[in-house]
$ cat run-v1.pdb   # PDB, C-alpha atoms
ATOM      1  CA  MET A   1      16.387 -40.499  37.632
ATOM      2  CA  LYS A   2      13.434 -40.200  35.269
ATOM      3  CA  SER A   3      13.121 -37.031  33.232
ATOM      4  CA  LYS A   4       9.865 -35.231  33.748
ATOM      5  CA  ASN A   5       7.687 -35.285  30.630
ATOM      6  CA  PRO A   6       6.455 -31.811  29.649
ATOM      7  CA  ASN A   7       2.809 -31.149  30.389
ATOM      8  CA  PRO A   8       0.695 -30.946  27.164
ATOM      9  CA  ASN A   9      -0.958 -27.774  28.508
ATOM     10  CA  GLU A  10       2.456 -26.166  29.055
ATOM     11  CA  ILE A  11       3.527 -27.094  25.505
ATOM     12  CA  GLN A  12       0.311 -25.570  24.160
ATOM     13  CA  LYS A  13       0.855 -22.390  26.197
ATOM     14  CA  MET A  14       4.463 -22.077  24.992
ATOM     15  CA  SER A  15       3.328 -22.578  21.395
ATOM     16  CA  ALA A  16       0.604 -19.936  21.809
ATOM     17  CA  LYS A  17       3.157 -17.502  23.281
ATOM     18  CA  LYS A  18       5.540 -18.093  20.366
ATOM     19  CA  ASP A  19       2.699 -17.496  17.889
ATOM     20  CA  ALA A  20       1.676 -14.308  19.722
ATOM     21  CA  VAL A  21       5.274 -13.009  19.715
ATOM     22  CA  PHE A  22       5.639 -13.854  15.995
ATOM     23  CA  ILE A  23       2.365 -12.150  14.990
ATOM     24  CA  THR A  24       3.106  -9.087  17.169
ATOM     25  CA  SER A  25       6.595  -8.771  15.624
ATOM     26  CA  LEU A  26       5.070  -9.142  12.162
ATOM     27  CA  ILE A  27       2.502  -6.396  12.816
ATOM     28  CA  ILE A  28       5.220  -4.041  14.166
ATOM     29  CA  LEU A  29       7.321  -4.739  11.066
ATOM     30  CA  TRP A  30       4.245  -4.178   8.826
ATOM     31  CA  TYR A  31       3.555  -0.812  10.486
ATOM     32  CA  SER A  32       7.236   0.171  10.355
ATOM     33  CA  THR A  33       7.701  -0.613   6.657
ATOM     34  CA  ASN A  34       4.384   0.894   5.503
ATOM     35  CA  ILE A  35       4.716   4.097   7.526
ATOM     36  CA  GLY A  36       8.485   4.243   6.945
ATOM     37  CA  VAL A  37       8.230   4.140   3.149
ATOM     38  CA  LEU A  38       5.457   6.749   3.216
ATOM     39  CA  LEU A  39       7.469   9.186   5.370
ATOM     40  CA  LEU A  40      10.690   8.574   3.445
ATOM     41  CA  ASN A  41       8.841   9.174   0.149
ATOM     42  CA  LYS A  42       7.641  12.512   1.525
ATOM     43  CA  TYR A  43      11.138  13.428   2.718
ATOM     44  CA  LEU A  44      12.816  12.549  -0.589
ATOM     45  CA  LEU A  45      10.176  14.224  -2.756
ATOM     46  CA  SER A  46       9.591  17.415  -0.739
ATOM     47  CA  ASN A  47      12.565  18.019   1.545
ATOM     48  CA  TYR A  48      15.554  16.358  -0.083
ATOM     49  CA  GLY A  49      15.330  17.703  -3.625
ATOM     50  CA  LEU A  50      14.543  14.388  -5.340
ATOM     51  CA  ALA A  51      11.282  15.769  -6.751
ATOM     52  CA  TYR A  52      10.825  13.032  -9.354
ATOM     53  CA  PRO A  53       7.907  10.761  -8.394
ATOM     54  CA  ILE A  54       8.027   8.617 -11.570
ATOM     55  CA  PHE A  55      11.744   7.887 -11.075
ATOM     56  CA  LEU A  56      11.159   7.119  -7.379
ATOM     57  CA  THR A  57       8.343   4.711  -8.255
ATOM     58  CA  MET A  58      10.640   3.060 -10.826
ATOM     59  CA  CYS A  59      13.249   2.520  -8.078
ATOM     60  CA  HIS A  60      10.572   0.915  -5.890
ATOM     61  CA  MET A  61       9.438  -1.381  -8.697
ATOM     62  CA  SER A  62      13.047  -2.344  -9.540
ATOM     63  CA  ALA A  63      13.613  -3.385  -5.929
ATOM     64  CA  CYS A  64      10.297  -5.283  -5.910
ATOM     65  CA  ALA A  65      11.282  -7.124  -9.117
ATOM     66  CA  VAL A  66      14.712  -8.204  -7.794
ATOM     67  CA  LEU A  67      13.626  -9.026  -4.229
ATOM     68  CA  SER A  68      10.473 -10.860  -5.374
ATOM     69  CA  TYR A  69      12.654 -13.093  -7.556
ATOM     70  CA  VAL A  70      15.091 -13.767  -4.686
ATOM     71  CA  SER A  71      12.257 -14.401  -2.181
ATOM     72  CA  ILE A  72      10.291 -16.804  -4.390
ATOM     73  CA  ILE A  73      12.936 -18.543  -6.519
ATOM     74  CA  PHE A  74      15.782 -18.819  -3.976
ATOM     75  CA  LEU A  75      14.267 -18.388  -0.489
ATOM     76  CA  LYS A  76      11.009 -20.136  -1.506
ATOM     77  CA  ILE A  77       8.823 -17.998   0.791
ATOM     78  CA  VAL A  78       5.872 -19.105  -1.352
ATOM     79  CA  PRO A  79       5.693 -21.674  -4.177
ATOM     80  CA  VAL A  80       6.218 -20.154  -7.619
ATOM     81  CA  GLN A  81       3.040 -19.882  -9.722
ATOM     82  CA  LYS A  82       3.725 -19.834 -13.437
ATOM     83  CA  ILE A  83       1.847 -17.832 -16.068
ATOM     84  CA  LYS A  84      -0.217 -20.321 -18.055
ATOM     85  CA  SER A  85      -1.296 -18.350 -21.106
ATOM     86  CA  ARG A  86      -0.683 -15.233 -23.171
ATOM     87  CA  SER A  87      -4.074 -13.847 -22.161
ATOM     88  CA  GLN A  88      -3.178 -14.252 -18.478
ATOM     89  CA  PHE A  89       0.073 -12.338 -19.093
ATOM     90  CA  LEU A  90      -1.844  -9.515 -20.826
ATOM     91  CA  ARG A  91      -4.247  -9.311 -17.872
ATOM     92  CA  ILE A  92      -1.319  -9.098 -15.444
ATOM     93  CA  ALA A  93       0.287  -6.409 -17.648
ATOM     94  CA  THR A  94      -2.973  -4.408 -17.521
ATOM     95  CA  LEU A  95      -3.023  -4.682 -13.717
ATOM     96  CA  SER A  96       0.612  -3.592 -13.612
ATOM     97  CA  VAL A  97      -0.081  -0.400 -15.591
ATOM     98  CA  VAL A  98      -3.043   0.485 -13.328
ATOM     99  CA  PHE A  99      -0.897  -0.285 -10.261
ATOM    100  CA  CYS A 100       1.856   2.005 -11.640
ATOM    101  CA  GLY A 101      -0.662   4.787 -12.092
ATOM    102  CA  SER A 102      -1.868   4.505  -8.487
ATOM    103  CA  VAL A 103       1.665   4.506  -7.011
ATOM    104  CA  VAL A 104       2.911   7.371  -9.216
ATOM    105  CA  GLY A 105      -0.210   9.412  -8.425
ATOM    106  CA  GLY A 106       0.288   8.807  -4.709
ATOM    107  CA  ASN A 107       3.933   9.871  -4.901
ATOM    108  CA  ILE A 108       3.074  13.002  -6.916
ATOM    109  CA  SER A 109       0.491  13.966  -4.282
ATOM    110  CA  LEU A 110       3.136  13.609  -1.533
ATOM    111  CA  LYS A 111       5.197  16.219  -3.348
ATOM    112  CA  TYR A 112       2.435  18.789  -2.772
ATOM    113  CA  LEU A 113       0.402  17.576   0.225
ATOM    114  CA  PRO A 114       1.302  16.731   3.833
ATOM    115  CA  VAL A 115       1.241  13.017   4.725
ATOM    116  CA  SER A 116      -1.636  13.599   7.163
ATOM    117  CA  PHE A 117      -3.970  14.930   4.450
ATOM    118  CA  ASN A 118      -2.706  12.317   1.966
ATOM    119  CA  GLN A 119      -3.780   9.592   4.403
ATOM    120  CA  ALA A 120      -7.171  11.234   4.979
ATOM    121  CA  VAL A 121      -7.903  11.171   1.238
ATOM    122  CA  GLY A 122      -6.487   7.635   0.923
ATOM    123  CA  ALA A 123      -8.971   6.436   3.551
ATOM    124  CA  THR A 124     -11.776   6.899   0.982
ATOM    125  CA  THR A 125     -10.617   3.773  -0.908
ATOM    126  CA  PRO A 126     -13.729   1.768   0.192
ATOM    127  CA  PHE A 127     -15.972   4.377  -1.477
ATOM    128  CA  PHE A 128     -14.246   3.992  -4.848
ATOM    129  CA  THR A 129     -14.087   0.198  -4.442
ATOM    130  CA  ALA A 130     -17.864   0.062  -3.925
ATOM    131  CA  VAL A 131     -18.461   2.310  -6.963
ATOM    132  CA  PHE A 132     -16.172   0.296  -9.275
ATOM    133  CA  ALA A 133     -17.512  -3.025  -7.978
ATOM    134  CA  TYR A 134     -21.038  -1.941  -8.914
ATOM    135  CA  MET A 135     -20.005  -0.476 -12.298
ATOM    136  CA  MET A 136     -17.865  -3.459 -13.373
ATOM    137  CA  THR A 137     -19.536  -6.469 -11.748
ATOM    138  CA  ARG A 138     -22.985  -5.137 -10.775
ATOM    139  CA  LYS A 139     -22.184  -6.229  -7.230
ATOM    140  CA  ARG A 140     -24.611  -4.563  -4.827
ATOM    141  CA  GLU A 141     -24.158  -4.028  -1.111
ATOM    142  CA  ALA A 142     -26.886  -3.548   1.497
ATOM    143  CA  TRP A 143     -28.263   0.001   1.750
ATOM    144  CA  ALA A 144     -26.878   0.232   5.301
ATOM    145  CA  THR A 145     -23.403  -0.447   3.884
ATOM    146  CA  TYR A 146     -23.751   2.292   1.258
ATOM    147  CA  THR A 147     -25.027   4.695   3.957
ATOM    148  CA  CYS A 148     -21.744   4.188   5.855
ATOM    149  CA  LEU A 149     -19.882   5.627   2.851
ATOM    150  CA  VAL A 150     -21.526   9.055   3.334
ATOM    151  CA  PRO A 151     -19.284  10.036   6.302
ATOM    152  CA  VAL A 152     -16.267   8.601   4.424
ATOM    153  CA  VAL A 153     -16.718  11.159   1.630
ATOM    154  CA  ALA A 154     -18.094  13.939   3.854
ATOM    155  CA  GLY A 155     -15.057  13.637   6.135
ATOM    156  CA  VAL A 156     -12.657  14.313   3.260
ATOM    157  CA  VAL A 157     -14.750  17.304   2.140
ATOM    158  CA  VAL A 158     -14.577  18.703   5.696
ATOM    159  CA  ALA A 159     -10.840  17.908   6.001
ATOM    160  CA  SER A 160     -10.166  19.635   2.651
ATOM    161  CA  GLY A 161     -11.839  22.804   3.864
ATOM    162  CA  GLY A 162      -9.766  22.773   7.041
ATOM    163  CA  GLU A 163      -6.402  21.841   5.467
ATOM    164  CA  PRO A 164      -3.933  24.785   5.709
ATOM    165  CA  SER A 165      -1.573  23.177   3.149
ATOM    166  CA  PHE A 166      -4.286  22.320   0.604
ATOM    167  CA  HIS A 167      -2.989  22.116  -2.981
ATOM    168  CA  LEU A 168      -5.515  21.509  -5.769
ATOM    169  CA  TYR A 169      -3.195  19.581  -8.120
ATOM    170  CA  GLY A 170      -1.866  17.479  -5.246
ATOM    171  CA  PHE A 171      -5.459  16.777  -4.128
ATOM    172  CA  ILE A 172      -6.501  15.733  -7.663
ATOM    173  CA  MET A 173      -3.507  13.379  -7.916
ATOM    174  CA  CYS A 174      -4.264  11.928  -4.480
ATOM    175  CA  ILE A 175      -7.914  11.287  -5.362
ATOM    176  CA  SER A 176      -6.829   9.790  -8.705
ATOM    177  CA  ALA A 177      -4.309   7.502  -6.965
ATOM    178  CA  THR A 178      -6.947   6.377  -4.449
ATOM    179  CA  ALA A 179      -9.444   5.669  -7.243
ATOM    180  CA  ALA A 180      -6.772   3.788  -9.261
ATOM    181  CA  ARG A 181      -5.913   1.669  -6.196
ATOM    182  CA  ALA A 182      -9.589   0.734  -5.768
ATOM    183  CA  PHE A 183      -9.960   0.124  -9.522
ATOM    184  CA  LYS A 184      -6.935  -2.204  -9.465
ATOM    185  CA  SER A 185      -8.396  -4.322  -6.627
ATOM    186  CA  VAL A 186     -11.740  -4.725  -8.442
ATOM    187  CA  LEU A 187     -10.025  -5.297 -11.807
ATOM    188  CA  GLN A 188      -7.822  -7.971 -10.225
ATOM    189  CA  GLY A 189     -10.922  -9.843  -9.082
ATOM    190  CA  VAL A 190     -12.411  -9.633 -12.587
ATOM    191  CA  LEU A 191      -9.304 -10.419 -14.672
ATOM    192  CA  LEU A 192      -7.952 -13.200 -12.462
ATOM    193  CA  SER A 193     -11.300 -14.731 -11.556
ATOM    194  CA  ASN A 194     -10.461 -18.089 -13.152
ATOM    195  CA  GLU A 195      -9.502 -20.462 -10.296
ATOM    196  CA  GLY A 196      -6.587 -21.874 -12.287
ATOM    197  CA  GLU A 197      -5.159 -18.412 -13.027
ATOM    198  CA  LYS A 198      -5.394 -16.833  -9.563
ATOM    199  CA  LEU A 199      -2.053 -15.684  -8.156
ATOM    200  CA  ASN A 200      -1.196 -14.836  -4.568
ATOM    201  CA  SER A 201       0.028 -11.274  -3.979
ATOM    202  CA  MET A 202       3.716 -12.294  -3.857
ATOM    203  CA  ASN A 203       3.635 -14.052  -7.252
ATOM    204  CA  LEU A 204       1.546 -11.227  -8.700
ATOM    205  CA  MET A 205       4.248  -8.763  -7.602
ATOM    206  CA  LEU A 206       6.923 -11.028  -9.151
ATOM    207  CA  TYR A 207       5.300 -10.573 -12.584
ATOM    208  CA  MET A 208       3.918  -7.027 -12.202
ATOM    209  CA  ALA A 209       7.118  -5.326 -10.984
ATOM    210  CA  PRO A 210       9.299  -5.961 -14.090
ATOM    211  CA  ILE A 211       6.426  -4.871 -16.365
ATOM    212  CA  ALA A 212       6.083  -1.721 -14.242
ATOM    213  CA  VAL A 213       9.804  -0.923 -14.638
ATOM    214  CA  VAL A 214       9.531  -1.309 -18.435
ATOM    215  CA  ALA A 215       6.531   1.067 -18.458
ATOM    216  CA  LEU A 216       8.040   3.609 -16.029
ATOM    217  CA  LEU A 217      11.504   3.963 -17.602
ATOM    218  CA  PRO A 218      10.338   5.678 -20.833
ATOM    219  CA  ALA A 219       7.771   7.675 -18.824
ATOM    220  CA  ALA A 220      10.556   8.984 -16.559
ATOM    221  CA  LEU A 221      12.796   9.828 -19.532
ATOM    222  CA  VAL A 222      10.013  11.764 -21.303
ATOM    223  CA  MET A 223       8.252  13.427 -18.340
ATOM    224  CA  GLU A 224      11.311  13.892 -16.091
ATOM    225  CA  PRO A 225      14.035  14.454 -18.738
ATOM    226  CA  ASN A 226      16.805  15.694 -16.428
ATOM    227  CA  VAL A 227      16.159  13.199 -13.618
ATOM    228  CA  PHE A 228      19.348  11.141 -14.013
ATOM    229  CA  ASP A 229      21.571  14.259 -14.068
ATOM    230  CA  VAL A 230      19.899  15.578 -10.905
ATOM    231  CA  VAL A 231      20.111  12.190  -9.154
ATOM    232  CA  LEU A 232      23.834  11.868  -9.953
ATOM    233  CA  ALA A 233      24.426  15.452  -8.767
ATOM    234  CA  LEU A 234      22.523  14.784  -5.528
ATOM    235  CA  GLY A 235      24.494  11.553  -5.071
ATOM    236  CA  ALA A 236      27.778  13.492  -5.392
ATOM    237  CA  GLN A 237      26.544  16.242  -3.066
ATOM    238  CA  HIS A 238      24.980  14.044  -0.353
ATOM    239  CA  LYS A 239      26.942  10.895   0.475
ATOM    240  CA  PHE A 240      23.910   9.208   2.086
ATOM    241  CA  MET A 241      21.563   9.778  -0.872
ATOM    242  CA  TRP A 242      22.191   6.365  -2.459
ATOM    243  CA  LEU A 243      21.723   4.654   0.905
ATOM    244  CA  LEU A 244      18.422   6.517   1.464
ATOM    245  CA  LEU A 245      17.207   5.505  -2.000
ATOM    246  CA  LEU A 246      18.214   1.864  -1.398
ATOM    247  CA  VAL A 247      16.520   1.754   2.030
ATOM    248  CA  ASN A 248      13.404   3.448   0.630
ATOM    249  CA  SER A 249      13.145   1.007  -2.300
ATOM    250  CA  THR A 250      13.797  -2.037  -0.087
ATOM    251  CA  MET A 251      11.123  -0.854   2.353
ATOM    252  CA  ALA A 252       8.636  -0.610  -0.532
ATOM    253  CA  TYR A 253       9.136  -4.339  -1.163
ATOM    254  CA  ALA A 254       9.172  -5.167   2.573
ATOM    255  CA  ALA A 255       5.812  -3.397   2.971
ATOM    256  CA  ASN A 256       4.293  -5.685   0.302
ATOM    257  CA  LEU A 257       5.873  -8.787   1.868
ATOM    258  CA  CYS A 258       4.652  -7.869   5.364
ATOM    259  CA  ASN A 259       1.172  -7.141   4.021
ATOM    260  CA  PHE A 260       1.086 -10.649   2.505
ATOM    261  CA  LEU A 261       2.328 -12.289   5.734
ATOM    262  CA  VAL A 262      -0.039 -10.335   8.010
ATOM    263  CA  THR A 263      -2.962 -11.273   5.706
ATOM    264  CA  LYS A 264      -1.864 -14.919   5.896
ATOM    265  CA  HIS A 265      -1.455 -15.074   9.680
ATOM    266  CA  THR A 266      -4.403 -12.938  10.881
ATOM    267  CA  SER A 267      -8.131 -12.763  10.226
ATOM    268  CA  ALA A 268      -9.789 -10.367   7.771
ATOM    269  CA  LEU A 269     -11.351  -8.432  10.674
ATOM    270  CA  THR A 270      -7.994  -8.053  12.457
ATOM    271  CA  LEU A 271      -6.414  -6.870   9.217
ATOM    272  CA  GLN A 272      -9.162  -4.290   8.719
ATOM    273  CA  VAL A 273      -8.812  -2.909  12.276
ATOM    274  CA  LEU A 274      -5.004  -2.825  12.008
ATOM    275  CA  GLY A 275      -5.225  -1.096   8.615
ATOM    276  CA  ASN A 276      -7.474   1.663   9.985
ATOM    277  CA  ALA A 277      -5.207   2.157  13.000
ATOM    278  CA  LYS A 278      -2.112   2.227  10.742
ATOM    279  CA  GLY A 279      -3.445   5.268   8.880
ATOM    280  CA  ALA A 280      -4.029   7.132  12.152
ATOM    281  CA  VAL A 281      -0.529   6.242  13.439
ATOM    282  CA  ALA A 282       1.000   7.458  10.139
ATOM    283  CA  VAL A 283      -0.858  10.779  10.484
ATOM    284  CA  VAL A 284       0.347  11.363  14.072
ATOM    285  CA  ILE A 285       3.989  10.436  13.286
ATOM    286  CA  SER A 286       4.062  12.586  10.128
ATOM    287  CA  ILE A 287       2.741  15.631  12.032
ATOM    288  CA  LEU A 288       5.406  15.129  14.728
ATOM    289  CA  ILE A 289       8.214  14.778  12.140
ATOM    290  CA  PHE A 290       7.272  17.323   9.462
ATOM    291  CA  ARG A 291       5.501  19.769  11.808
ATOM    292  CA  ASN A 292       2.855  20.543   9.189
ATOM    293  CA  PRO A 293       0.055  22.741  10.594
ATOM    294  CA  VAL A 294      -3.251  21.025  11.383
ATOM    295  CA  THR A 295      -6.623  22.465  12.327
ATOM    296  CA  PHE A 296      -9.494  21.184  14.446
ATOM    297  CA  ILE A 297     -11.674  21.031  11.289
ATOM    298  CA  GLY A 298      -9.035  18.926   9.501
ATOM    299  CA  ILE A 299      -8.765  16.486  12.430
ATOM    300  CA  ALA A 300     -12.577  16.305  12.698
ATOM    301  CA  GLY A 301     -12.866  15.544   8.970
ATOM    302  CA  TYR A 302     -10.238  12.783   9.102
ATOM    303  CA  THR A 303     -11.888  11.273  12.208
ATOM    304  CA  MET A 304     -15.257  11.290  10.416
ATOM    305  CA  THR A 305     -13.713   9.475   7.424
ATOM    306  CA  VAL A 306     -12.038   6.821   9.594
ATOM    307  CA  MET A 307     -15.254   6.231  11.582
ATOM    308  CA  GLY A 308     -17.136   5.834   8.281
ATOM    309  CA  VAL A 309     -14.544   3.299   7.049
ATOM    310  CA  VAL A 310     -14.859   1.323  10.321
ATOM    311  CA  ALA A 311     -18.673   1.351  10.065
ATOM    312  CA  TYR A 312     -18.474   0.330   6.382
ATOM    313  CA  GLY A 313     -16.254  -2.664   7.207
ATOM    314  CA  GLU A 314     -18.528  -3.758  10.054
ATOM    315  CA  SER A 315     -21.628  -3.385   7.873
ATOM    316  CA  LYS A 316     -20.065  -5.462   5.082
ATOM    317  CA  ARG A 317     -19.230  -8.186   7.599
ATOM    318  CA  ARG A 318     -22.777  -8.248   8.968
ATOM    319  CA  PHE A 319     -24.593  -8.232   5.624
ATOM    320  CA  LYS A 320     -22.430 -10.857   3.895
TER     321      LYS A 320
END
$ encode --input "run-v1.pdb" --output "structure tokens"
Amino acid sequence: MKSKNPNPNEIQKMSAKKDAVFITSLIILWYSTNIGVLLLNKYLLSNYGLAYPIFLTMCHMSACAVLSYVSIIFLKIVPVQKIKSRSQFLRIATLSVVFCGSVVGGNISLKYLPVSFNQAVGATTPFFTAVFAYMMTRKREAWATYTCLVPVVAGVVVASGGEPSFHLYGFIMCISATAARAFKSVLQGVLLSNEGEKLNSMNLMLYMAPIAVVALLPAALVMEPNVFDVVLALGAQHKFMWLLLLVNSTMAYAANLCNFLVTKHTSALTLQVLGNAKGAVAVVISILIFRNPVTFIGIAGYTMTVMGVVAYGESKRRFK
């Protein structure tokens, strides 16, 4: 009896289904790790007593350094890209310091601000990116694109006025972290513009993370002098503290890995839409978990910012 050969159309359909399942699983994992690390950061910094954002960032960077090495050298998720010159290393070190500043600033803001408002301010990244791109590279966008940035900024102003848990220092740190994140993305394009020196995000993390740990350790010792005593005391008091810290740090790396994989397997437009939706999902989940009070004005301001970001992305795509 002859075996029936599979229909080429059926094979194609099965392959498409497998791809769809893989990409959907990847997106769910991307959302889970990004939102999970954000919420766990908030819990550790505000509710758990581990109020040391520099130390927490150092833990994240330590995990990123170790897991990046394992992923690239042993698991070979991506081919290793070697540093080719001293000047390239210095440029990566500069990026690492800026990256540290953005992460530390974001973690400090979580100590004082609810996640919902933190995400609203973080949504203004395109505004700062456009400003730094013009200042550093003289790159101009169409006037319609710049116009879309007005509601991005106006939304945060409105949300700030309607935020019951507003904290000035936390707000300043959040704005600073958002600006540093935008500055790092523009700086990366400038410093690693040479085709032979460009690194993918996984290899960049492999080199940036150890440099970040070296920079953050003395900063933690000077600015958070009793951190290790408090951490050891918390570890003795709460048996799950070390597990929480390990999960939190591992998720920080997983979020970077998932971001790389989602970027690789989806289009730029899909990534942009998913990124905007991710912020909204994080806001809703954080309000449900932490029960922080929200107002109609705050929600209206955040909605205005997100709509401005969506319009900005669409305008950039049209006027390329």
$ atom_distance --input "run-v1.pdb" --atom1 "atom CA of Asn276 of chain A" --atom2 "atom CA of Val262 of chain A"
14.3 Å
$ residues_around --input "run-v1.pdb" --residues "Ile28 of chain A" --least-positions-apart "6" --cutoff "12 Å" --atoms "only C-alpha atoms" --output "number ranges by chain"
A: 21-22, 34-36, 255, 258-259, 262, 274, 278, 281
$ resolve_selection --input "run-v1.pdb" --expression "the PyMOL selection byres ((chain A and resi 160-172) around 12)" --output "PyMOL selection string"
chain A and resi 104-122+153-159+173-179+291-302+305
$ closest_atom_pairs --input "run-v1.pdb" --of "segment 11-76 of chain A" --to "segment 82-97 of chain A" --cutoff "12 Å" --atoms "all atoms listed in the file" --output "JSON lines"
{"residue": "A:Met61", "atom": "CA", "partner": "A:Ser96", "partner_atom": "CA", "distance": 10.3}
{"residue": "A:Ile72", "atom": "CA", "partner": "A:Lys82", "partner_atom": "CA", "distance": 11.6}
{"residue": "A:Ile73", "atom": "CA", "partner": "A:Lys82", "partner_atom": "CA", "distance": 11.6}
$ resolve_selection --input "run-v1.pdb" --expression "the PyMOL selection byres ((chain A and resi 311) around 10)" --output "list of chain:residue names"
A:Ala144, A:Thr145, A:Thr147, A:Cys148, A:Leu149, A:Pro151, A:Val152, A:Thr305, A:Val306, A:Met307, A:Gly308, A:Val309, A:Val310, A:Tyr312, A:Gly313, A:Glu314, A:Ser315, A:Lys316, A:Arg317
